[in-house]
Amino acid sequence: MHRLPKVPVQGFGTPTVATRLELQLVVEPGADLAVAACLRYDVRDPYAVFLDIHVGLDQPIVWTFARELLATGVREWAGVGDVTVHPGPGDAQNVYIGLRGESGEAALRARAADIGGFLWRTERLVPIGSERDHFDLDLLLCRLLGHSGAGRAEGCGCRPPGGSPG
């Protein structure tokens, strides 16, 4: 399967939200394994959330998916493919995150209150639906084109000085 390259994070020094989680890896009914994790949100990438899963490796395993998918999944089934999110069956206290990759699948259970608190904090920075106001398309294109040292699109020639963001 061909995967698109990761979109570079935009901007510098902007606010972030991070919430530590203790997820439960659902091995089989009644058998769970605790997994340390962190949900992150960065205003520089306003549509995405990052799930860092710590499993004893030098670096965490990082999954990136839509913040809107996570927000919808707290209330109802959301997602198709690599990432799905849904509330627990008849249980408003848990949210399940399904991950599917090249090496297998995992079902993780999180406390709905932890996910809800994280989403509330992200919405205080960027309300859902207003992401475009925080997204600099010119800067993203400039970085994807590999213009070195581009902290602002005006600095690399992708946008004339005084031009409006994408």
# chains A, B, ... in the order shown; residues from 1 in each chain; ligands from 1
$ select_by_dssp --residues "range 7-140 of chain A" --states "alpha helix (DSSP H)" --output "PDB file with N, CA, C and O atoms, in the first residue's frame"
ATOM      1  N   ARG A  67      -8.969  15.269  14.241  1.00  0.00           N
ATOM      2  CA  ARG A  67      -9.576  15.624  15.519  1.00  0.00           C
ATOM      3  C   ARG A  67     -11.089  15.419  15.450  1.00  0.00           C
ATOM      4  O   ARG A  67     -11.710  14.961  16.406  1.00  0.00           O
ATOM      5  N   GLU A  68     -11.685  15.729  14.308  1.00  0.00           N
ATOM      6  CA  GLU A  68     -13.130  15.561  14.151  1.00  0.00           C
ATOM      7  C   GLU A  68     -13.527  14.085  14.268  1.00  0.00           C
ATOM      8  O   GLU A  68     -14.586  13.766  14.801  1.00  0.00           O
ATOM      9  N   LEU A  69     -12.675  13.170  13.794  1.00  0.00           N
ATOM     10  CA  LEU A  69     -12.946  11.739  13.940  1.00  0.00           C
ATOM     11  C   LEU A  69     -13.008  11.376  15.420  1.00  0.00           C
ATOM     12  O   LEU A  69     -13.910  10.661  15.856  1.00  0.00           O
ATOM     13  N   LEU A  70     -12.076  11.891  16.212  1.00  0.00           N
ATOM     14  CA  LEU A  70     -12.065  11.613  17.651  1.00  0.00           C
ATOM     15  C   LEU A  70     -13.296  12.201  18.315  1.00  0.00           C
ATOM     16  O   LEU A  70     -13.949  11.536  19.127  1.00  0.00           O
ATOM     17  N   ALA A  71     -13.660  13.443  17.959  1.00  0.00           N
ATOM     18  CA  ALA A  71     -14.822  14.096  18.560  1.00  0.00           C
ATOM     19  C   ALA A  71     -16.115  13.358  18.217  1.00  0.00           C
ATOM     20  O   ALA A  71     -16.981  13.172  19.079  1.00  0.00           O
ATOM     21  N   THR A  72     -16.253  12.916  16.985  1.00  0.00           N
ATOM     22  CA  THR A  72     -17.449  12.177  16.579  1.00  0.00           C
ATOM     23  C   THR A  72     -17.484  10.819  17.270  1.00  0.00           C
ATOM     24  O   THR A  72     -18.535  10.367  17.726  1.00  0.00           O
ATOM     25  N   GLY A  73     -16.330  10.170  17.375  1.00  0.00           N
ATOM     26  CA  GLY A  73     -16.252   8.833  17.952  1.00  0.00           C
ATOM     27  C   GLY A  73     -16.599   8.750  19.426  1.00  0.00           C
ATOM     28  O   GLY A  73     -16.901   7.669  19.930  1.00  0.00           O
ATOM     29  N   ALA A 112     -13.785   7.887  28.644  1.00  0.00           N
ATOM     30  CA  ALA A 112     -14.467   8.937  27.880  1.00  0.00           C
ATOM     31  C   ALA A 112     -14.199  10.312  28.498  1.00  0.00           C
ATOM     32  O   ALA A 112     -14.060  11.301  27.775  1.00  0.00           O
ATOM     33  N   ALA A 113     -14.099  10.389  29.806  1.00  0.00           N
ATOM     34  CA  ALA A 113     -13.841  11.674  30.469  1.00  0.00           C
ATOM     35  C   ALA A 113     -12.475  12.237  30.079  1.00  0.00           C
ATOM     36  O   ALA A 113     -12.329  13.453  29.896  1.00  0.00           O
ATOM     37  N   ASP A 114     -11.483  11.372  29.915  1.00  0.00           N
ATOM     38  CA  ASP A 114     -10.146  11.831  29.503  1.00  0.00           C
ATOM     39  C   ASP A 114     -10.170  12.361  28.073  1.00  0.00           C
ATOM     40  O   ASP A 114      -9.596  13.409  27.776  1.00  0.00           O
ATOM     41  N   ILE A 115     -10.851  11.644  27.181  1.00  0.00           N
ATOM     42  CA  ILE A 115     -10.947  12.078  25.785  1.00  0.00           C
ATOM     43  C   ILE A 115     -11.756  13.369  25.700  1.00  0.00           C
ATOM     44  O   ILE A 115     -11.370  14.321  25.008  1.00  0.00           O
ATOM     45  N   GLY A 116     -12.874  13.429  26.412  1.00  0.00           N
ATOM     46  CA  GLY A 116     -13.700  14.628  26.416  1.00  0.00           C
ATOM     47  C   GLY A 116     -12.969  15.851  26.951  1.00  0.00           C
ATOM     48  O   GLY A 116     -13.083  16.947  26.394  1.00  0.00           O
ATOM     49  N   GLY A 117     -12.203  15.670  28.013  1.00  0.00           N
ATOM     50  CA  GLY A 117     -11.421  16.779  28.563  1.00  0.00           C
ATOM     51  C   GLY A 117     -10.367  17.272  27.589  1.00  0.00           C
ATOM     52  O   GLY A 117     -10.154  18.481  27.434  1.00  0.00           O
ATOM     53  N   PHE A 118      -9.714  16.347  26.912  1.00  0.00           N
ATOM     54  CA  PHE A 118      -8.723  16.709  25.901  1.00  0.00           C
ATOM     55  C   PHE A 118      -9.382  17.505  24.777  1.00  0.00           C
ATOM     56  O   PHE A 118      -8.903  18.569  24.379  1.00  0.00           O
ATOM     57  N   LEU A 119     -10.511  17.012  24.268  1.00  0.00           N
ATOM     58  CA  LEU A 119     -11.202  17.708  23.177  1.00  0.00           C
ATOM     59  C   LEU A 119     -11.673  19.093  23.607  1.00  0.00           C
ATOM     60  O   LEU A 119     -11.586  20.050  22.837  1.00  0.00           O
ATOM     61  N   TRP A 120     -12.157  19.223  24.820  1.00  0.00           N
ATOM     62  CA  TRP A 120     -12.590  20.524  25.337  1.00  0.00           C
ATOM     63  C   TRP A 120     -11.428  21.508  25.327  1.00  0.00           C
ATOM     64  O   TRP A 120     -11.583  22.652  24.909  1.00  0.00           O
ATOM     65  N   ARG A 121     -10.266  21.057  25.762  1.00  0.00           N
ATOM     66  CA  ARG A 121      -9.084  21.941  25.779  1.00  0.00           C
ATOM     67  C   ARG A 121      -8.661  22.331  24.363  1.00  0.00           C
ATOM     68  O   ARG A 121      -8.242  23.460  24.135  1.00  0.00           O
ATOM     69  N   THR A 122      -8.770  21.405  23.390  1.00  0.00           N
ATOM     70  CA  THR A 122      -8.406  21.762  22.014  1.00  0.00           C
ATOM     71  C   THR A 122      -9.385  22.780  21.448  1.00  0.00           C
ATOM     72  O   THR A 122      -8.988  23.691  20.723  1.00  0.00           O
ATOM     73  N   GLU A 123     -10.659  22.636  21.770  1.00  0.00           N
ATOM     74  CA  GLU A 123     -11.669  23.561  21.246  1.00  0.00           C
ATOM     75  C   GLU A 123     -11.529  24.958  21.830  1.00  0.00           C
ATOM     76  O   GLU A 123     -11.954  25.930  21.212  1.00  0.00           O
ATOM     77  N   ARG A 124     -10.940  25.074  22.995  1.00  0.00           N
ATOM     78  CA  ARG A 124     -10.674  26.408  23.552  1.00  0.00           C
ATOM     79  C   ARG A 124      -9.601  27.123  22.736  1.00  0.00           C
ATOM     80  O   ARG A 124      -9.590  28.342  22.670  1.00  0.00           O
ATOM     81  N   LEU A 125      -8.705  26.356  22.108  1.00  0.00           N
ATOM     82  CA  LEU A 125      -7.681  26.942  21.238  1.00  0.00           C
ATOM     83  C   LEU A 125      -8.212  27.177  19.829  1.00  0.00           C
ATOM     84  O   LEU A 125      -8.029  28.247  19.252  1.00  0.00           O
ATOM     85  N   LEU A 137      -2.037  27.672   4.208  1.00  0.00           N
ATOM     86  CA  LEU A 137      -1.810  26.811   3.055  1.00  0.00           C
ATOM     87  C   LEU A 137      -0.564  27.220   2.276  1.00  0.00           C
ATOM     88  O   LEU A 137       0.189  26.370   1.809  1.00  0.00           O
ATOM     89  N   ASP A 138      -0.315  28.535   2.155  1.00  0.00           N
ATOM     90  CA  ASP A 138       0.880  28.995   1.446  1.00  0.00           C
ATOM     91  C   ASP A 138       2.141  28.480   2.120  1.00  0.00           C
ATOM     92  O   ASP A 138       3.078  28.018   1.460  1.00  0.00           O
ATOM     93  N   LEU A 139       2.176  28.540   3.446  1.00  0.00           N
ATOM     94  CA  LEU A 139       3.339  28.056   4.178  1.00  0.00           C
ATOM     95  C   LEU A 139       3.490  26.544   4.012  1.00  0.00           C
ATOM     96  O   LEU A 139       4.593  26.045   3.803  1.00  0.00           O
ATOM     97  N   LEU A 140       2.398  25.809   4.074  1.00  0.00           N
ATOM     98  CA  LEU A 140       2.456  24.368   3.880  1.00  0.00           C
ATOM     99  C   LEU A 140       3.036  24.024   2.513  1.00  0.00           C
ATOM    100  O   LEU A 140       3.940  23.194   2.393  1.00  0.00           O
TER     101      LEU A 140
END
$ closest_atom_pairs --of "range 33-58 of chain A" --to "range 100-109 of chain A" --cutoff "10 Å" --atoms "only C-alpha atoms" --output "CSV"
residue,atom,partner,partner_atom,distance
A:Leu33,CA,A:Leu108,CA,9.3
A:Ala34,CA,A:Leu108,CA,9.4
A:Val35,CA,A:Leu108,CA,8.7
$ write_last_selection --atoms "N, CA, C and O atoms" --output "short mmCIF file (atom, residue, chain, number, x, y, z; two decimals), in the first residue's frame"
data_model
loop_
_atom_site.label_atom_id
_atom_site.label_comp_id
_atom_site.auth_asym_id
_atom_site.auth_seq_id
_atom_site.Cartn_x
_atom_site.Cartn_y
_atom_site.Cartn_z
N LEU A 33 -4.51 -5.08 28.90
CA LEU A 33 -3.13 -4.77 29.22
C LEU A 33 -2.99 -3.25 29.23
O LEU A 33 -3.35 -2.59 28.24
N ALA A 34 -2.50 -2.68 30.33
CA ALA A 34 -2.34 -1.23 30.44
C ALA A 34 -1.23 -0.74 29.49
O ALA A 34 -0.18 -1.37 29.38
N VAL A 35 -1.52 0.37 28.80
CA VAL A 35 -0.56 0.96 27.86
C VAL A 35 -0.52 2.47 28.13
O VAL A 35 -1.55 3.13 28.12
#
$ atom_distance --atom1 "CA of Leu51 in chain A" --atom2 "CA of His134 in chain A"
21.0 Å
$ atom_distance --atom1 "CA of Ala48 in chain A" --atom2 "CA of Gly88 in chain A"
22.9 Å
$ select_by_dssp --residues "range 31-145 of chain A" --states "strand (DSSP E)" --output "PyMOL selection string"
chain A and resi 31-42+48-54+61-66+83-88+91-101+104-111
$ residues_around --residues "Val85 in chain A" --least-positions-apart "5" --cutoff "6 Å" --atoms "only C-alpha atoms" --output "ChimeraX atom specification"
/A:73,78,96-97
$ residues_around --residues "Glu131 in chain A" --least-positions-apart "3" --cutoff "7 Å" --atoms "only C-alpha atoms" --output "list of chain:residue names"
A:Pro46, A:Tyr47, A:Val126, A:Ile128, A:His134, A:Phe135
$ closest_residue --among "A:Gly146, A:Pro29, A:Gly98, A:Pro60" --to "Gly81 in chain A" --atoms "only C-alpha atoms"
A:Gly98
$ closest_residue --among "A:Ala18, A:Leu141, A:Val95, A:Val26" --to "Arg40 in chain A" --atoms "only C-alpha atoms"
A:Ala18
$ residues_around --residues "His54 in chain A" --least-positions-apart "4" --cutoff "9 Å" --atoms "only C-alpha atoms" --output "count of residues only"
9
$ closest_residue --among "A:Gln24, A:Asn94, A:Thr19, A:Thr64" --to "Glu76 in chain A" --atoms "only C-alpha atoms"
A:Asn94
$ atom_distance --atom1 "CA of Leu23 in chain A" --atom2 "CA of Ile53 in chain A"
9.0 Å
